[in-house]
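S.K.: Sharing model.txt, compact mmCIF, C-alpha atoms:
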# COMPACT_ATOMS: atom_id res chain seq x y z
CA MET L 945 0.00 0.00 0.00
CA PRO L 946 1.40 3.45 -0.87
CA LEU L 947 2.59 5.55 2.07
CA ALA L 948 1.73 9.20 2.70
CA LYS L 949 3.89 10.96 5.28
CA ILE L 950 2.48 14.13 6.83
CA VAL L 951 4.77 16.31 8.92
CA TYR L 952 3.15 19.21 10.74
CA ALA L 953 3.83 22.14 13.03
CA SER L 954 0.94 23.49 15.06
CA MET L 955 0.77 26.01 17.89
CA THR L 956 -2.97 26.51 18.37
CA GLY L 957 -4.17 23.17 16.99
CA ASN L 958 -5.49 24.65 13.71
CA THR L 959 -2.70 23.19 11.59
CA GLU L 960 -2.86 19.81 13.33
CA GLU L 961 -6.58 19.75 12.49
CA ILE L 962 -5.73 20.53 8.85
CA ALA L 963 -3.22 17.63 8.87
CA ASP L 964 -5.91 15.36 10.38
CA ILE L 965 -8.42 16.26 7.63
CA VAL L 966 -5.86 15.44 4.91
CA ALA L 967 -4.80 12.23 6.69
CA GLU L 968 -8.39 11.02 7.03
CA GLU L 969 -9.13 11.64 3.35
CA LEU L 970 -5.91 9.88 2.29
CA GLU L 971 -6.88 6.86 4.41
CA ASN L 972 -10.36 6.89 2.82
CA LEU L 973 -8.58 6.73 -0.55
CA GLY L 974 -6.63 3.63 0.47
CA MET L 975 -3.33 5.16 1.54
CA ASP L 976 -1.21 4.19 4.50
CA VAL L 977 -0.71 7.42 6.47
CA GLU L 978 1.93 8.42 9.00
CA LYS L 979 1.33 11.81 10.64
CA ASP L 980 4.06 13.22 12.87
CA GLU L 981 4.81 16.46 14.66
CA CYS L 982 7.88 18.08 13.05
CA THR L 983 10.18 17.76 16.08
CA GLN L 984 9.57 13.99 16.24
CA VAL L 985 10.91 13.12 12.76
CA ASP L 986 13.75 13.83 10.35
CA ALA L 987 13.35 15.17 6.82
CA GLU L 988 15.11 11.94 5.70
CA ASP L 989 11.92 10.06 6.66
CA PHE L 990 10.32 11.41 3.48
CA LYS L 991 12.59 9.04 1.51
CA ASP L 992 10.38 6.12 2.62
CA ALA L 993 7.12 7.82 1.55
CA ASP L 994 5.31 7.97 -1.79
CA LEU L 995 3.55 11.22 -0.89
CA CYS L 996 5.42 13.85 1.15
CA ILE L 997 3.18 16.42 2.82
CA VAL L 998 3.97 19.34 5.10
CA ALA L 999 1.32 21.17 7.12
CA THR L 1000 2.68 24.35 8.68
CA TYR L 1001 1.46 27.56 10.15
CA THR L 1002 2.99 30.95 9.47
CA TYR L 1003 4.14 32.79 12.56
CA ASP L 1004 3.81 36.52 12.95
CA ASP L 1005 4.57 38.39 9.71
CA GLY L 1006 5.69 35.59 7.40
CA GLU L 1007 8.01 33.66 9.71
CA LEU L 1008 8.53 29.90 9.72
CA PRO L 1009 7.62 28.39 13.09
CA ASP L 1010 10.80 27.99 15.21
CA GLU L 1011 10.14 24.27 15.72
CA ILE L 1012 10.13 23.48 11.98
CA VAL L 1013 13.21 25.49 10.89
CA ASP L 1014 15.66 22.56 11.25
CA PHE L 1015 13.30 20.26 9.31
CA TYR L 1016 12.94 22.94 6.60
CA GLU L 1017 16.72 23.35 6.27
CA ASP L 1018 17.35 19.57 6.20
CA LEU L 1019 14.60 19.04 3.61
CA GLN L 1020 16.39 21.22 1.06
CA GLU L 1021 19.45 18.93 1.19
CA LEU L 1022 17.49 15.81 0.15
CA ASP L 1023 17.08 14.16 -3.23
CA LEU L 1024 13.36 13.41 -3.48
CA ALA L 1025 13.18 12.95 -7.25
CA ASN L 1026 10.30 10.56 -8.09
CA LYS L 1027 8.40 11.71 -4.98
CA ILE L 1028 5.19 13.71 -5.00
CA PHE L 1029 4.72 16.52 -2.49
CA GLY L 1030 2.02 18.81 -1.23
CA VAL L 1031 1.92 21.66 1.27
CA VAL L 1032 -0.99 22.96 3.33
CA GLY L 1033 -1.11 25.41 6.17
CA SER L 1034 -2.83 27.96 8.29
CA GLY L 1035 -2.23 31.64 8.74
CA ASP L 1036 -3.99 34.85 9.61
CA THR L 1037 -5.11 37.25 6.87
CA PHE L 1038 -4.45 40.05 9.38
CA TYR L 1039 -0.78 39.79 8.36
CA GLU L 1040 0.59 41.05 5.06
CA GLU L 1041 2.45 37.77 4.36
CA PHE L 1042 -0.52 35.37 4.54
CA CYS L 1043 0.63 31.72 4.86
CA LYS L 1044 4.14 32.55 3.60
CA SER L 1045 5.52 29.38 5.27
CA VAL L 1046 3.43 27.31 2.83
CA ASP L 1047 5.19 29.01 -0.09
CA ASP L 1048 8.57 28.61 1.64
CA PHE L 1049 8.02 24.84 1.88
CA VAL L 1050 6.95 24.60 -1.77
CA ALA L 1051 10.26 26.25 -2.71
CA ALA L 1052 12.16 23.89 -0.38
CA PHE L 1053 10.50 20.81 -1.94
CA GLU L 1054 11.27 22.10 -5.44
CA LYS L 1055 14.99 22.06 -4.52
CA THR L 1056 14.67 18.31 -3.79
CA GLY L 1057 13.49 17.43 -7.30
CA ALA L 1058 10.10 16.25 -6.01
CA LYS L 1059 6.99 17.01 -8.09
CA GLN L 1060 4.18 19.16 -6.68
CA GLY L 1061 1.13 16.91 -6.87
CA ALA L 1062 -1.56 19.39 -5.86
CA SER L 1063 -1.96 23.13 -5.42
CA SER L 1064 -1.27 24.29 -1.88
CA VAL L 1065 -4.20 24.96 0.43
CA LYS L 1066 -4.01 28.00 2.71
CA VAL L 1067 -6.49 28.26 5.57
CA ASP L 1068 -7.32 31.45 7.45
CA LEU L 1069 -7.07 30.37 11.11
CA ALA L 1070 -9.34 27.32 11.59
CA ALA L 1071 -10.70 25.14 8.76
CA GLU L 1072 -14.29 26.00 7.80
CA GLU L 1073 -16.53 23.81 5.63
CA GLU L 1074 -15.18 25.25 2.36
CA ASP L 1075 -11.59 24.74 3.57
CA ILE L 1076 -12.36 21.10 4.42
CA GLN L 1077 -13.62 20.57 0.86
CA HIS L 1078 -10.39 22.10 -0.52
CA LEU L 1079 -8.27 19.90 1.77
CA GLU L 1080 -10.16 16.75 0.71
CA LYS L 1081 -9.70 17.70 -2.97
CA PHE L 1082 -5.99 18.32 -2.26
CA ALA L 1083 -5.70 14.75 -0.90
CA LYS L 1084 -7.59 13.25 -3.86
CA THR L 1085 -5.42 15.14 -6.36
CA LEU L 1086 -2.22 13.89 -4.68
CA VAL L 1087 -3.43 10.27 -4.85
CA GLU L 1088 -4.37 10.67 -8.52
CA GLN L 1089 -0.80 11.80 -9.22
CA LEU L 1090 0.51 8.48 -7.87
CA ASN L 1091 -1.44 6.46 -10.41
Give the structure from the file, written as C-alpha cells.
M.R.:
Amino acid sequence: MPLAKIVYASMTGNTEEIADIVAEELENLGMDVEKDECTQVDAEDFKDADLCIVATYTYDDGELPDEIVDFYEDLQELDLANKIFGVVGSGDTFYEEFCKSVDDFVAAFEKTGAKQGASSVKVDLAAEEEDIQHLEKFAKTLVEQLN
C-alpha cells in the first residue's frame, strides 16, 4: 500500500486539524498514512514515503515556526526525485504575508526534485466547511498523481 507521510507544526491546533483532515481523506482513498509532529521526525523520513506532505502555520509576519526550521533546512538537502509533495497550512489574513511558510516549503521541496502533486491549500485560522472541501480535494489530487 502506498505511504503518505504528513509532517506538521501546530501552535494553536489549527494546523494539526488541517493535517488530520488530509490524513483522514488519504486513508479513505486507500493510503497508509503516518502523521508526525515536526520535532519527532527527520526530513530523511520522506525518503520512505510515496507522498510527502507538510502542514505548517505561518508565525507573525511571514516567519517559519521555530520548531520546523531545522526540518525545513534539512529538507532542502534531500534528493526526493520521483516523490510527489504537497503543502498545506494555516495563517492569519491580518498579516501582510498570509501563509508565507506554505510558499517557503513549496520552494524547499522544489529544490529536492520532487513534483508538486496538488496546489497548496491555505487556511485562514481554523478550517471551515469550504476549507475542508479544498483539503479533501488536495488529498484526492495527490493520490491521482501516484497512479
S.K.: Would you tabulate, counting only C-alpha atoms, all residues of region 1032-1061 of chain L that have an atom at most 12 Å from an atom of region 1085-1091 of chain L, showing the closest pair of atoms and their distance in Å to one decimal, sorted by chain then ascending number, as JSON lines?
M.R.:
{"residue": "L:Lys1059", "atom": "CA", "partner": "L:Gln1089", "partner_atom": "CA", "distance": 9.4}
{"residue": "L:Gln1060", "atom": "CA", "partner": "L:Leu1086", "partner_atom": "CA", "distance": 8.5}
{"residue": "L:Gly1061", "atom": "CA", "partner": "L:Leu1086", "partner_atom": "CA", "distance": 5.0}
S.K.: Between L:Glu1041, L:Asp1068, L:Asp989, L:Asp976, which one has atoms that come closest to Gly1006 (chain L), using only C-alpha atoms?
M.R.: L:Glu1041
S.K.: Here is a test: counting only C-alpha atoms, which residue of L:Asp994, L:Glu978, L:Glu969, L:Asp1010 is nearest to His1078 (chain L)?
M.R.: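 That would be L:Glu969, the residue with the smallest distance to His1078 (chain L).
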S.K.: When you draw a straight line from CA of Asp980 (chain L) to CA of Val951 (chain L), how long is it in Å?
M.R.: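 Separating CA of Asp980 (chain L) from CA of Val951 (chain L) is a distance of 5.1 Å.
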S.K.: Skip region 1025-1036 of chain L itself and residues of its chain fewer than 5 positions away, then list as a ChimeraX atom specification all residues within 9 Å of it, counting all atoms listed in the file.
M.R.: /L:952,954,958-959,962-963,990-991,993-1004,1006,1041-1047,1049-1050,1053,1056-1071,1079,1082-1083,1086,1089-1090
S.K.: Rank L:Ala967, L:Gly957, L:Glu981, L:Ile950 by their smallest atom-to-atom distance to Glu1080 (chain L), using all atoms listed in the file, and report the top residue only.
M.R.: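 Going through L:Ala967, L:Gly957, L:Glu981, L:Ile950 one by one, the smallest distance to Glu1080 (chain L) is for L:Ala967.
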S.K.: Tell me, in Å to one decimal, how far CA of Met975 (chain L) is from CA of Leu1024 (chain L).
M.R.: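 Separation between CA of Met975 (chain L) and CA of Leu1024 (chain L): 19.3 Å.
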S.K.: Suppose you want the space between CA of Val1013 (chain L) and CA of Val966 (chain L); what is it in Å?
M.R.: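 That distance, rounded to one decimal, is 22.4 Å.
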S.K.: Which residue gives the smallest distance to Ala1052 (chain L) among L:Glu960, L:Glu968, L:Glu1021, L:Glu988, with only C-alpha atoms counted?
M.R.: L:Glu1021
S.K.: Would you please work out which residue, of L:Glu1011, L:Glu1017, L:Glu1074, L:Asp1048, is nearest to Thr983 (chain L) when using all atoms listed in the file?
M.R.: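 Closest candidate: L:Glu1011.
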S.K.: Given the point (-5.4, 3.8, 0.6) in the file's coordinates, find the residues that have an atom at most 9 Å from it, counting only C-alpha atoms, and give them as a ChimeraX atom specification.
M.R.: /L:945-947,970-977,1087
S.K.: Quick one: residues within 8 Å of Asp1018 (chain L), all atoms listed in the file counted, chain neighbours fewer than 2 positions away excluded, as a list in words?
M.R.: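 So, after excluding close chain neighbours, the residues are Asp986, Ala987, Glu988, Asp1014, Phe1015, Tyr1016, Gln1020, Glu1021 and Leu1022 of chain L.
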S.K.: Mind completing region 1012-1026 of chain L with N, CA, C and O atoms? Output as a PDB file, keeping the file's coordinate frame, please?
M.R.:
ATOM      1  N   ILE L1012      10.016  24.186  13.267  1.00  0.00           N
ATOM      2  CA  ILE L1012      10.130  23.480  11.980  1.00  0.00           C
ATOM      3  C   ILE L1012      11.328  23.969  11.154  1.00  0.00           C
ATOM      4  O   ILE L1012      11.603  23.431  10.088  1.00  0.00           O
ATOM      5  N   VAL L1013      12.087  24.930  11.657  1.00  0.00           N
ATOM      6  CA  VAL L1013      13.210  25.490  10.890  1.00  0.00           C
ATOM      7  C   VAL L1013      14.254  24.427  10.553  1.00  0.00           C
ATOM      8  O   VAL L1013      14.710  24.337   9.406  1.00  0.00           O
ATOM      9  N   ASP L1014      14.649  23.599  11.518  1.00  0.00           N
ATOM     10  CA  ASP L1014      15.660  22.560  11.250  1.00  0.00           C
ATOM     11  C   ASP L1014      15.162  21.586  10.182  1.00  0.00           C
ATOM     12  O   ASP L1014      15.914  21.210   9.280  1.00  0.00           O
ATOM     13  N   PHE L1015      13.896  21.178  10.293  1.00  0.00           N
ATOM     14  CA  PHE L1015      13.300  20.260   9.310  1.00  0.00           C
ATOM     15  C   PHE L1015      13.333  20.904   7.919  1.00  0.00           C
ATOM     16  O   PHE L1015      13.702  20.275   6.932  1.00  0.00           O
ATOM     17  N   TYR L1016      12.972  22.167   7.853  1.00  0.00           N
ATOM     18  CA  TYR L1016      12.940  22.940   6.600  1.00  0.00           C
ATOM     19  C   TYR L1016      14.338  22.981   5.977  1.00  0.00           C
ATOM     20  O   TYR L1016      14.499  22.760   4.768  1.00  0.00           O
ATOM     21  N   GLU L1017      15.346  23.266   6.784  1.00  0.00           N
ATOM     22  CA  GLU L1017      16.720  23.350   6.270  1.00  0.00           C
ATOM     23  C   GLU L1017      17.207  21.989   5.786  1.00  0.00           C
ATOM     24  O   GLU L1017      17.831  21.877   4.730  1.00  0.00           O
ATOM     25  N   ASP L1018      16.921  20.928   6.567  1.00  0.00           N
ATOM     26  CA  ASP L1018      17.350  19.570   6.200  1.00  0.00           C
ATOM     27  C   ASP L1018      16.652  19.101   4.925  1.00  0.00           C
ATOM     28  O   ASP L1018      17.254  18.416   4.096  1.00  0.00           O
ATOM     29  N   LEU L1019      15.389  19.450   4.775  1.00  0.00           N
ATOM     30  CA  LEU L1019      14.600  19.040   3.610  1.00  0.00           C
ATOM     31  C   LEU L1019      15.282  19.463   2.311  1.00  0.00           C
ATOM     32  O   LEU L1019      15.355  18.696   1.351  1.00  0.00           O
ATOM     33  N   GLN L1020      15.799  20.670   2.288  1.00  0.00           N
ATOM     34  CA  GLN L1020      16.390  21.220   1.060  1.00  0.00           C
ATOM     35  C   GLN L1020      17.641  20.482   0.609  1.00  0.00           C
ATOM     36  O   GLN L1020      18.055  20.618  -0.536  1.00  0.00           O
ATOM     37  N   GLU L1021      18.227  19.678   1.507  1.00  0.00           N
ATOM     38  CA  GLU L1021      19.450  18.930   1.190  1.00  0.00           C
ATOM     39  C   GLU L1021      19.133  17.566   0.561  1.00  0.00           C
ATOM     40  O   GLU L1021      20.031  16.878   0.093  1.00  0.00           O
ATOM     41  N   LEU L1022      17.863  17.152   0.593  1.00  0.00           N
ATOM     42  CA  LEU L1022      17.490  15.810   0.150  1.00  0.00           C
ATOM     43  C   LEU L1022      17.308  15.708  -1.356  1.00  0.00           C
ATOM     44  O   LEU L1022      17.007  16.695  -2.020  1.00  0.00           O
ATOM     45  N   ASP L1023      17.447  14.479  -1.860  1.00  0.00           N
ATOM     46  CA  ASP L1023      17.080  14.160  -3.230  1.00  0.00           C
ATOM     47  C   ASP L1023      15.761  13.384  -3.149  1.00  0.00           C
ATOM     48  O   ASP L1023      15.743  12.234  -2.726  1.00  0.00           O
ATOM     49  N   LEU L1024      14.683  14.050  -3.518  1.00  0.00           N
ATOM     50  CA  LEU L1024      13.360  13.410  -3.480  1.00  0.00           C
ATOM     51  C   LEU L1024      12.777  13.295  -4.895  1.00  0.00           C
ATOM     52  O   LEU L1024      11.558  13.317  -5.080  1.00  0.00           O
ATOM     53  N   ALA L1025      13.654  13.167  -5.887  1.00  0.00           N
ATOM     54  CA  ALA L1025      13.180  12.950  -7.250  1.00  0.00           C
ATOM     55  C   ALA L1025      12.303  11.693  -7.228  1.00  0.00           C
ATOM     56  O   ALA L1025      12.549  10.769  -6.454  1.00  0.00           O
ATOM     57  N   ASN L1026      11.278  11.654  -8.035  1.00  0.00           N
ATOM     58  CA  ASN L1026      10.300  10.560  -8.090  1.00  0.00           C
ATOM     59  C   ASN L1026       9.326  10.562  -6.912  1.00  0.00           C
ATOM     60  O   ASN L1026       8.546   9.627  -6.761  1.00  0.00           O
TER      61      ASN L1026
END
